[in-house]
>>> print(open('data.txt').read())   # compact mmCIF, C-alpha atoms
# COMPACT_ATOMS: atom_id res chain seq x y z
CA MET A 14 -2.10 29.24 -20.67
CA THR A 15 -2.43 25.60 -19.61
CA LYS A 16 -2.78 25.22 -15.87
CA LYS A 17 0.10 23.24 -14.38
CA VAL A 18 -0.99 19.99 -12.73
CA ARG A 19 0.70 19.48 -9.39
CA PRO A 20 1.98 15.96 -8.64
CA PRO A 21 -0.07 14.35 -5.86
CA THR A 22 1.44 12.90 -2.71
CA LEU A 23 0.81 9.39 -1.49
CA PRO A 24 -0.87 9.61 1.96
CA LYS A 25 1.64 9.32 4.82
CA GLU A 26 -0.18 6.32 6.29
CA ALA A 27 0.27 4.46 3.01
CA ILE A 28 3.93 5.43 2.67
CA LYS A 29 4.66 4.19 6.19
CA GLY A 30 2.82 0.91 5.61
CA PHE A 31 4.47 0.18 2.26
CA SER A 32 7.98 1.01 3.53
CA LYS A 33 7.55 -1.22 6.54
CA PHE A 34 6.34 -4.13 4.44
CA TYR A 35 9.05 -3.84 1.77
CA ASN A 36 11.86 -3.66 4.32
CA GLU A 37 10.59 -6.15 6.91
CA ARG A 38 8.56 -8.74 4.98
CA ASP A 39 10.93 -9.77 2.22
CA ASP A 40 10.21 -13.33 3.38
CA ILE A 41 6.74 -13.22 1.81
CA TYR A 42 7.07 -10.43 -0.76
CA ASP A 43 8.11 -12.78 -3.55
CA LYS A 44 5.25 -15.20 -2.88
CA LEU A 45 2.82 -12.28 -2.75
CA ARG A 46 3.95 -11.05 -6.16
CA ALA A 47 3.59 -14.56 -7.58
CA SER A 48 -0.10 -14.50 -6.64
CA GLU A 49 -0.73 -11.47 -8.83
CA ASP A 50 -2.06 -11.61 -12.37
CA ARG A 51 -2.95 -15.31 -12.58
CA GLU A 52 -3.92 -14.92 -16.23
CA ASN A 53 -0.46 -13.54 -17.12
CA LYS A 54 -1.77 -10.39 -18.77
CA ILE A 55 1.08 -8.25 -17.42
CA PRO A 56 3.83 -10.27 -19.19
CA LYS A 57 1.92 -10.04 -22.46
CA ALA A 58 1.52 -6.29 -22.03
CA ILE A 59 5.23 -5.89 -21.25
CA LEU A 60 6.82 -8.12 -23.83
CA LYS A 61 4.78 -6.84 -26.77
CA HIS A 62 6.75 -3.57 -26.51
CA LEU A 63 10.17 -5.18 -26.10
CA ASP A 64 12.28 -6.05 -29.10
CA LYS A 65 15.30 -8.30 -28.79
CA GLY A 66 18.58 -6.52 -28.25
CA LYS A 67 17.11 -3.66 -26.20
CA VAL A 68 18.49 -2.30 -22.93
CA VAL A 69 15.79 -1.87 -20.27
CA LEU A 70 15.57 -0.33 -16.82
CA ASP A 71 13.11 -1.68 -14.24
CA LEU A 72 12.36 1.04 -11.67
CA GLY A 73 11.29 -0.27 -8.28
CA CYS A 74 12.13 -3.84 -9.23
CA GLY A 75 11.55 -5.40 -5.79
CA THR A 76 12.59 -9.05 -5.89
CA GLY A 77 12.88 -8.87 -9.66
CA ASN A 78 9.95 -10.82 -11.07
CA VAL A 79 9.50 -8.27 -13.85
CA SER A 80 13.27 -7.81 -14.32
CA LEU A 81 13.65 -11.55 -14.85
CA LEU A 82 10.85 -11.44 -17.39
CA LEU A 83 12.42 -8.52 -19.25
CA ALA A 84 15.83 -10.20 -19.26
CA ARG A 85 14.45 -13.12 -21.28
CA LYS A 86 14.12 -10.87 -24.30
CA ALA A 87 16.32 -7.84 -23.61
CA ARG A 88 20.03 -7.66 -24.29
CA LEU A 89 20.55 -6.13 -20.84
CA ALA A 90 18.20 -5.37 -17.94
CA TYR A 91 18.98 -2.98 -15.12
CA ALA A 92 17.02 -3.71 -11.92
CA LEU A 93 16.80 -0.70 -9.61
CA ASP A 94 15.41 -0.53 -6.08
CA LYS A 95 16.41 1.07 -2.78
CA SER A 96 15.23 -1.83 -0.59
CA ARG A 97 18.30 -3.88 0.30
CA PRO A 98 16.29 -6.86 1.66
CA LEU A 99 14.34 -7.19 -1.60
CA LEU A 100 17.46 -6.83 -3.74
CA ARG A 101 19.10 -9.53 -1.67
CA VAL A 102 16.38 -11.92 -2.81
CA LEU A 103 16.86 -10.85 -6.43
CA ARG A 104 20.61 -11.39 -6.29
CA LYS A 105 20.04 -14.93 -5.00
CA LYS A 106 17.75 -15.62 -7.96
CA ILE A 107 20.31 -14.28 -10.41
CA ARG A 108 23.07 -16.47 -8.94
CA SER A 109 20.96 -19.63 -8.68
CA ARG A 110 19.67 -19.28 -12.25
CA LYS A 111 23.06 -18.17 -13.62
CA ILE A 112 21.56 -15.14 -15.32
CA ARG A 113 24.17 -12.93 -16.95
CA ASN A 114 22.22 -10.03 -18.40
CA ILE A 115 20.75 -8.40 -15.26
CA ARG A 116 22.60 -5.64 -13.41
CA VAL A 117 21.30 -4.74 -9.95
CA LEU A 118 21.29 -1.06 -8.94
CA GLU A 119 20.68 -0.18 -5.28
CA SER A 120 19.31 3.34 -5.58
CA GLY A 121 16.29 5.56 -5.38
CA TYR A 122 14.69 7.23 -8.39
CA GLY A 123 16.29 10.64 -7.92
CA ARG A 124 19.80 9.61 -8.98
CA ILE A 125 19.82 6.72 -11.40
CA PRO A 126 23.45 5.52 -11.66
CA LEU A 127 23.43 5.25 -15.45
CA PRO A 128 24.75 7.49 -18.24
CA ARG A 129 22.58 9.84 -20.24
CA GLU A 130 20.55 8.15 -23.02
CA SER A 131 21.74 4.65 -22.12
CA VAL A 132 18.49 2.63 -22.07
CA ASP A 133 15.80 1.90 -24.66
CA ILE A 134 12.89 1.35 -22.27
CA VAL A 135 12.24 2.56 -18.72
CA PHE A 136 9.69 0.30 -17.12
CA SER A 137 7.96 0.22 -13.75
CA CYS A 138 5.20 -1.99 -12.35
CA LEU A 139 3.19 -0.54 -9.46
CA SER A 140 6.14 1.46 -8.17
CA PHE A 141 7.10 4.59 -10.11
CA PRO A 142 5.94 7.31 -9.83
CA ALA A 143 3.53 6.45 -6.99
CA HIS A 144 6.36 5.71 -4.54
CA SER A 145 8.51 8.60 -5.71
CA GLY A 146 9.55 11.29 -3.25
CA ASN A 147 9.74 14.01 -5.91
CA TRP A 148 7.73 13.28 -9.05
CA GLU A 149 8.96 16.13 -11.22
CA ARG A 150 12.64 15.47 -10.41
CA ASP A 151 12.38 11.70 -10.72
CA LEU A 152 10.50 11.77 -14.03
CA LYS A 153 13.16 14.13 -15.38
CA GLU A 154 15.82 11.64 -14.26
CA ALA A 155 14.01 8.74 -15.95
CA LYS A 156 13.87 10.76 -19.16
CA ARG A 157 17.58 11.59 -18.84
CA VAL A 158 18.70 7.96 -19.10
CA LEU A 159 16.26 7.19 -21.93
CA LYS A 160 17.52 7.13 -25.52
CA LYS A 161 15.82 9.22 -28.19
CA GLY A 162 12.97 7.18 -29.59
CA GLY A 163 12.81 5.17 -26.38
CA GLU A 164 9.73 4.67 -24.21
CA ILE A 165 8.68 4.92 -20.60
CA ILE A 166 6.07 2.27 -19.75
CA LEU A 167 4.38 2.38 -16.35
CA LEU A 168 1.79 0.07 -14.80
CA GLU A 169 -0.33 1.64 -12.07
CA ALA A 170 -3.53 0.76 -10.25
CA HIS A 171 -6.68 2.22 -11.79
CA PRO A 172 -9.14 3.88 -9.36
CA SER A 173 -12.10 1.74 -10.42
CA GLY A 174 -13.10 -1.91 -10.63
CA GLU A 175 -13.89 -4.67 -8.15
CA PHE A 176 -10.83 -4.21 -5.94
CA GLN A 177 -11.63 -0.53 -5.44
CA ARG A 178 -15.28 -1.30 -4.67
CA ILE A 179 -14.23 -3.83 -2.02
CA LYS A 180 -11.79 -1.35 -0.46
CA LYS A 181 -14.51 1.29 -0.30
CA LYS A 182 -16.58 -1.08 1.83
CA LEU A 183 -13.72 -2.00 4.16
CA GLN A 184 -11.46 1.01 4.61
CA LYS A 185 -12.16 4.03 6.75
CA PRO A 186 -13.95 6.56 4.52
CA GLU A 187 -11.30 9.25 5.04
CA PHE A 188 -8.39 6.97 4.11
CA TYR A 189 -10.22 5.43 1.14
CA SER A 190 -11.06 8.90 -0.14
CA LYS A 191 -7.41 9.96 0.11
CA MET A 192 -6.12 6.91 -1.74
CA ASN A 193 -8.79 7.04 -4.44
CA ARG A 194 -8.19 10.75 -4.98
CA PHE A 195 -4.47 10.05 -5.16
CA MET A 196 -4.94 7.53 -7.97
CA TYR A 197 -7.17 9.87 -9.97
CA ASP A 198 -4.64 12.68 -9.51
CA LEU A 199 -1.80 10.33 -10.52
CA HIS A 200 -3.58 9.62 -13.82
CA LYS A 201 -4.24 13.32 -14.32
CA TRP A 202 -0.62 14.26 -13.66
CA LEU A 203 0.80 11.63 -16.03
CA ALA A 204 -1.66 12.74 -18.72
CA SER A 205 -0.40 16.31 -18.27
CA LYS A 206 3.11 14.98 -19.01
CA GLY A 207 2.02 13.48 -22.32
CA PHE A 208 1.45 9.89 -21.21
CA LYS A 209 -1.29 7.89 -22.91
CA TYR A 210 -2.85 4.88 -21.22
CA ARG A 211 -5.10 1.90 -21.65
CA VAL A 212 -6.68 -0.29 -18.99
CA ILE A 213 -6.37 -4.05 -18.49
CA ASN A 214 -8.19 -6.28 -16.02
CA ILE A 215 -6.16 -8.78 -14.01
CA VAL A 216 -6.95 -11.47 -11.44
CA ASN A 217 -5.04 -11.71 -8.16
CA ASP A 218 -5.51 -15.17 -6.70
CA PHE A 219 -3.75 -16.40 -3.56
CA GLY A 220 -4.71 -19.99 -4.25
CA SER A 221 -5.77 -21.06 -0.76
CA LYS A 222 -7.27 -19.81 2.49
CA ARG A 223 -3.92 -20.30 4.17
CA ASN A 224 -2.26 -17.98 1.65
CA ILE A 225 -4.95 -15.37 2.21
CA GLU A 226 -3.94 -15.32 5.87
CA ASN A 227 -0.18 -15.49 5.25
CA LEU A 228 0.17 -13.36 2.10
CA CYS A 229 -2.91 -11.24 1.52
CA ALA A 230 -3.48 -10.06 5.08
CA PRO A 231 0.02 -8.62 5.81
CA PHE A 232 0.01 -6.48 2.64
CA PHE A 233 -3.59 -5.74 1.70
CA GLY A 234 -4.90 -5.75 5.27
CA TYR A 235 -6.73 -8.16 7.53
CA GLU A 236 -10.08 -6.59 6.64
CA LEU A 237 -9.70 -7.68 3.02
CA ALA A 238 -8.48 -11.13 4.06
CA THR A 239 -11.50 -11.56 6.33
CA TYR A 240 -13.80 -10.33 3.55
CA LEU A 241 -12.47 -12.98 1.14
CA LEU A 242 -12.55 -15.79 3.69
CA ALA A 243 -16.13 -14.99 4.67
CA ARG A 244 -17.16 -15.39 1.03
CA ASP A 245 -15.08 -18.51 0.43
CA ARG A 246 -12.97 -16.66 -2.16
CA THR A 247 -9.23 -16.82 -2.76
CA GLY A 248 -8.77 -13.65 -4.80
CA PHE A 249 -10.18 -10.56 -6.48
CA ARG A 250 -10.17 -8.73 -9.80
CA MET A 251 -8.47 -5.38 -10.25
CA ARG A 252 -7.80 -2.89 -13.03
CA LEU A 253 -4.38 -1.64 -14.10
CA SER A 254 -3.49 1.31 -16.30
CA ILE A 255 -0.61 0.91 -18.75
CA PHE A 256 0.94 4.34 -19.39
CA ARG A 257 3.29 5.00 -22.32
CA TRP A 258 5.42 7.98 -23.27
CA LYS A 259 7.91 8.19 -26.15
CA LYS A 260 10.98 10.40 -26.22
CA SER A 261 11.24 12.30 -29.48
>>> encode(input="data.txt", output="structure tokens")
Amino acid sequence: MTKKVRPPTLPKEAIKGFSKFYNERDDIYDKLRASEDRENKIPKAILKHLDKGKVVLDLGCGTGNVSLLLARKARLAYALDKSRPLLRVLRKKIRSRKIRNIRVLESGYGRIPLPRESVDIVFSCLSFPAHSGNWERDLKEAKRVLKKGGEIILLEAHPSGEFQRIKKKLQKPEFYSKMNRFMYDLHKWLASKGFKYRVINIVNDFGSKRNIENLCAPFFGYELATYLLARDRTGFRMRLSIFRWKKS
């Protein structure tokens, strides 16, 4: 009998920090996201799986950078998040750009307000399942709204690479160990659910020393910002895993 893999839990310190940032720093969240992936590898990875005419769901959409990207090619994009401040920013973008094929859903992952088998692709970038409160329940819900033959595509941080090596130097050993273990366990749990993955390398570049102070420090921590400034650097490389699962 195959041993059941228990879903890991994001450390409480991390949950508290992320929640505080998402709900109180919507003023810089969008600029922070714009500094990620300067070589545009994420869009290429996303769009290669998206055919025109599809209906997609972006779980944990934030201010909608990925949702906006998906909407360029999809027939309809649902953008779901529970952070009202971040969704407020997304709604402003939709109005100012006169976009007609994005529907905003203010909700958590546990109860997606969509009918059964109503979307072709469920997508999430650095959000689901890591920020989920109940992995088993929420994955089941994501599968519920997915059409037969549809795919779940998830982008998550990989527990190796330059970014992880830098964090190991800077973070308290106990906290770094918890977070690194969490990421390994996340990969293990998704693999146990039938997800396959490949790894891509991206470059996060804040562009200037001022942006390191104003964007990098509030989210990634002042230790990392100080580390970059001391070395006259404006960014770092990190690895992402692209997970895929198809509903038969």
>>> closest_residue(input="data.txt", among="A:Val132, A:Leu23, A:Val18, A:Ile59", to="Asn147 (chain A)", atoms="only C-alpha atoms")
A:Leu23
>>> residues_around(input="data.txt", residues="Leu60 (chain A)", least_positions_apart="5", cutoff="9 Å", atoms="all atoms listed in the file", output="PyMOL selection string")
chain A and resi 55+82-83+86
>>> atom_distance(input="data.txt", atom1="CA of Leu72 (chain A)", atom2="CA of Ile213 (chain A)")
20.6 Å
>>> atom_distance(input="data.txt", atom1="CA of Lys209 (chain A)", atom2="CA of Pro20 (chain A)")
16.7 Å
>>> residues_around(input="data.txt", residues="Leu70 (chain A)", least_positions_apart="5", cutoff="8 Å", atoms="all atoms listed in the file", output="list in words")
Ala90, Tyr91, Ala92, Leu93, Val132, Ile134, Val135 and Phe136 of chain A
>>> atom_distance(input="data.txt", atom1="CA of Arg150 (chain A)", atom2="CA of Tyr122 (chain A)")
8.7 Å
>>> closest_residue(input="data.txt", among="A:Arg108, A:Arg97, A:Arg178, A:His62", to="Tyr35 (chain A)", atoms="all atoms listed in the file")
A:Arg97
>>> residues_around(input="data.txt", residues="Glu26 (chain A)", least_positions_apart="4", cutoff="9 Å", atoms="all atoms listed in the file", output="VMD selection string")
chain A and resid 30 to 31 188
>>> write_last_selection(input="data.txt", atoms="C-alpha atoms", output="PDB file, in the frame of the given file")
ATOM      1  CA  GLY A  30       2.820   0.910   5.610  1.00  0.00           C
ATOM      2  CA  PHE A  31       4.470   0.180   2.260  1.00  0.00           C
ATOM      3  CA  PHE A 188      -8.390   6.970   4.110  1.00  0.00           C
TER       4      PHE A 188
END
>>> residues_around(input="data.txt", residues="Met251 (chain A)", least_positions_apart="4", cutoff="10 Å", atoms="only C-alpha atoms", output="MDAnalysis selection string")
chainID A and resid 49:50 170:178 213:217
>>> residues_around(input="data.txt", residues="Lys161 (chain A)", least_positions_apart="4", cutoff="8 Å", atoms="only C-alpha atoms", output="MDAnalysis selection string")
chainID A and resid 130 260:261
>>> closest_residue(input="data.txt", among="A:Ile225, A:Val102, A:Val69, A:Leu63", to="Leu159 (chain A)", atoms="all atoms listed in the file")
A:Val69
>>> closest_residue(input="data.txt", among="A:Pro56, A:Gly73, A:Pro142, A:Pro98", to="Asp198 (chain A)", atoms="all atoms listed in the file")
A:Pro142
>>> closest_residue(input="data.txt", among="A:Ala243, A:Arg252, A:Arg223, A:Leu199", to="Thr22 (chain A)", atoms="only C-alpha atoms")
A:Leu199
>>> closest_residue(input="data.txt", among="A:His200, A:His144, A:Lys156, A:Lys185", to="Leu127 (chain A)", atoms="all atoms listed in the file")
A:Lys156
>>> closest_atom_pairs(input="data.txt", of="region 132-177 of chain A", to="region 76-80 of chain A", cutoff="12 Å", atoms="only C-alpha atoms", output="CSV")
residue,atom,partner,partner_atom,distance
A:Val135,CA,A:Ser80,CA,11.3
A:Phe136,CA,A:Val79,CA,9.2
A:Ser137,CA,A:Val79,CA,8.6
A:Cys138,CA,A:Val79,CA,7.8
A:Leu139,CA,A:Val79,CA,10.9
A:Ser140,CA,A:Val79,CA,11.8
A:Leu168,CA,A:Val79,CA,11.4
>>> build_atoms(input="data.txt", residues="region 57-77 of chain A", atoms="N, CA and C atoms", output="short mmCIF file (atom, residue, chain, number, x, y, z; two decimals), keeping the file's coordinate frame")
data_model
loop_
_atom_site.label_atom_id
_atom_site.label_comp_id
_atom_site.auth_asym_id
_atom_site.auth_seq_id
_atom_site.Cartn_x
_atom_site.Cartn_y
_atom_site.Cartn_z
N LYS A 57 2.29 -10.28 -21.07
CA LYS A 57 1.92 -10.04 -22.46
C LYS A 57 1.98 -8.54 -22.77
N ALA A 58 1.52 -7.73 -21.83
CA ALA A 58 1.52 -6.29 -22.03
C ALA A 58 2.94 -5.74 -22.08
N ILE A 59 3.84 -6.34 -21.29
CA ILE A 59 5.23 -5.89 -21.25
C ILE A 59 5.98 -6.30 -22.50
N LEU A 60 5.96 -7.57 -22.79
CA LEU A 60 6.82 -8.12 -23.83
C LEU A 60 6.43 -7.68 -25.25
N LYS A 61 5.19 -7.27 -25.44
CA LYS A 61 4.78 -6.84 -26.77
C LYS A 61 5.50 -5.56 -27.19
N HIS A 62 6.04 -4.82 -26.20
CA HIS A 62 6.75 -3.57 -26.51
C HIS A 62 8.26 -3.75 -26.50
N LEU A 63 8.73 -4.96 -26.28
CA LEU A 63 10.17 -5.18 -26.10
C LEU A 63 10.75 -5.99 -27.25
N ASP A 64 11.58 -5.35 -28.03
CA ASP A 64 12.28 -6.05 -29.10
C ASP A 64 13.59 -6.63 -28.58
N LYS A 65 14.04 -7.70 -29.20
CA LYS A 65 15.30 -8.30 -28.79
C LYS A 65 16.45 -7.32 -29.01
N GLY A 66 17.41 -7.37 -28.11
CA GLY A 66 18.58 -6.52 -28.25
C GLY A 66 18.46 -5.19 -27.53
N LYS A 67 17.31 -4.92 -26.91
CA LYS A 67 17.11 -3.66 -26.20
C LYS A 67 17.74 -3.69 -24.81
N VAL A 68 18.03 -2.49 -24.31
CA VAL A 68 18.49 -2.30 -22.93
C VAL A 68 17.33 -1.70 -22.15
N VAL A 69 16.95 -2.32 -21.04
CA VAL A 69 15.79 -1.87 -20.27
C VAL A 69 16.17 -1.56 -18.84
N LEU A 70 15.39 -0.70 -18.22
CA LEU A 70 15.57 -0.33 -16.82
C LEU A 70 14.25 -0.56 -16.09
N ASP A 71 14.29 -1.38 -15.05
CA ASP A 71 13.11 -1.68 -14.24
C ASP A 71 13.19 -0.87 -12.95
N LEU A 72 12.37 0.17 -12.85
CA LEU A 72 12.36 1.04 -11.67
C LEU A 72 11.48 0.46 -10.58
N GLY A 73 12.04 0.32 -9.38
CA GLY A 73 11.29 -0.27 -8.28
C GLY A 73 11.10 -1.75 -8.52
N CYS A 74 12.20 -2.44 -8.77
CA CYS A 74 12.13 -3.84 -9.23
C CYS A 74 11.74 -4.83 -8.14
N GLY A 75 11.87 -4.46 -6.86
CA GLY A 75 11.55 -5.40 -5.79
C GLY A 75 12.43 -6.62 -5.84
N THR A 76 11.82 -7.79 -5.83
CA THR A 76 12.59 -9.05 -5.89
C THR A 76 12.81 -9.50 -7.34
N GLY A 77 12.46 -8.65 -8.29
CA GLY A 77 12.88 -8.87 -9.66
C GLY A 77 12.03 -9.72 -10.56
#
